[in-house]
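Visitor: Right, I'll just put the structure down here and ask away after.
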Amino acid sequence: MNIYDIKKGSITFLNCYYEGTLLFLGDVHASQGDSEFTGHANKYKAEFTLKYSVTKNQKIPYVRVKTEKSIISIFSINP
């Protein structure tokens, strides 16, 4: 997901319903709009710290991003 609001200080809630699922993090972008629809983004070398926790027995219908000002629901279809 290439979403502008997923950045330092935001909290991303990922929904997962399969035991044994793994988490993969991809590349970092220095700039781009919302998504890579046009195939363009400025890749950037970066280091970051990831903190995560697993919440069991609770379901959310879509990925959510909590920022300082809002909570964003993200709907996407995997082909």
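Ligands are numbered from 1 in the order shown, residues from 1 within each chain, and chains are lettered A, B, ... in the order they appear in the structure tokens.
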Fewer than 2 positions away in the same chain doesn't count, so skip those; otherwise give me all residues within 8 Å of Asp5 in chain A, counting only C-alpha atoms, as a PyMOL selection string.
Guide: chain A and resi 3+7+10+65+67
Visitor: Using the selection just defined, write its residues with N, CA and C atoms as a PDB file, in the first residue's frame.
Guide:
ATOM      1  N   ILE A   3       0.440   4.744   0.581  1.00  0.00           N
ATOM      2  CA  ILE A   3      -0.529   5.722   1.065  1.00  0.00           C
ATOM      3  C   ILE A   3       0.216   6.813   1.826  1.00  0.00           C
ATOM      4  N   LYS A   7       3.031   7.137   7.683  1.00  0.00           N
ATOM      5  CA  LYS A   7       4.317   7.800   7.866  1.00  0.00           C
ATOM      6  C   LYS A   7       4.632   7.867   9.357  1.00  0.00           C
ATOM      7  N   SER A  10       2.085   7.687  12.508  1.00  0.00           N
ATOM      8  CA  SER A  10       0.775   7.074  12.237  1.00  0.00           C
ATOM      9  C   SER A  10       0.764   5.632  12.742  1.00  0.00           C
ATOM     10  N   VAL A  65      -5.793   3.483   9.167  1.00  0.00           N
ATOM     11  CA  VAL A  65      -4.616   4.272   9.531  1.00  0.00           C
ATOM     12  C   VAL A  65      -5.085   5.369  10.473  1.00  0.00           C
ATOM     13  N   THR A  67      -4.058   8.723  12.309  1.00  0.00           N
ATOM     14  CA  THR A  67      -3.100   9.824  12.298  1.00  0.00           C
ATOM     15  C   THR A  67      -3.431  10.764  13.456  1.00  0.00           C
TER      16      THR A  67
END
Visitor: Within 7 Å of Ser73 in chain A, counting only C-alpha atoms, which residues show up once you throw out same-chain ones fewer than 5 positions away? Write them as a list in words, please.
Guide: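 The filter keeps Tyr62, Val63, Arg64 and Val65 of chain A.
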Visitor: Closest to Ile11 in chain A among A:Lys45, A:Lys66, A:Lys56, A:His29, using only C-alpha atoms?
Guide: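 Among the listed residues, the smallest separation from Ile11 in chain A belongs to A:Lys66.
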Visitor: Just to confirm, what's the straight-line distance from CA of Ile60 in chain A to CA of Ser76 in chain A in Å (one decimal)?
Guide: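 Between CA of Ile60 in chain A and CA of Ser76 in chain A the gap works out to 13.9 Å.
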Visitor: For the atom pair CA of Gly20 in chain A and CA of Ser53 in chain A, what is the interatomic distance in Å to one decimal place?
Guide: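 So the answer is 14.6 Å.
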Visitor: Determine which residues of range 6-76 of chain A DSSP labels as strand (DSSP E) from the backbone of this structure, then write them out as a list in words.
Guide: Ile11, Thr12, Phe13, Val28, His29, Ala30, Ser31, Asn42, Lys43, Tyr44, Val63, Arg64, Val65, Lys66, Ile71, Ile72, Ser73 and Ile74 of chain A
Visitor: Put those residues in a file: C-alpha atoms, as a compact mmCIF listing (two decimals), in the first residue's frame.
Guide:
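Okay, this is what ended up in selection_11.txt:
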# COMPACT_ATOMS: atom_id res chain seq x y z
CA ILE A 11 -0.61 3.75 13.42
CA THR A 12 -1.67 1.21 10.80
CA PHE A 13 -4.17 -1.51 11.70
CA VAL A 28 10.35 3.71 1.09
CA HIS A 29 9.29 6.65 -1.09
CA ALA A 30 10.66 10.16 -0.70
CA SER A 31 7.72 11.57 -2.65
CA ASN A 42 11.01 8.57 -5.83
CA LYS A 43 12.59 5.65 -3.99
CA TYR A 44 14.62 6.50 -0.91
CA VAL A 63 -7.15 -1.60 6.89
CA ARG A 64 -7.18 1.53 9.03
CA VAL A 65 -4.62 4.27 9.53
CA LYS A 66 -4.80 6.44 12.62
CA ILE A 71 -8.83 7.69 11.29
CA ILE A 72 -8.76 6.53 7.67
CA SER A 73 -10.37 3.33 6.34
CA ILE A 74 -8.65 1.82 3.31
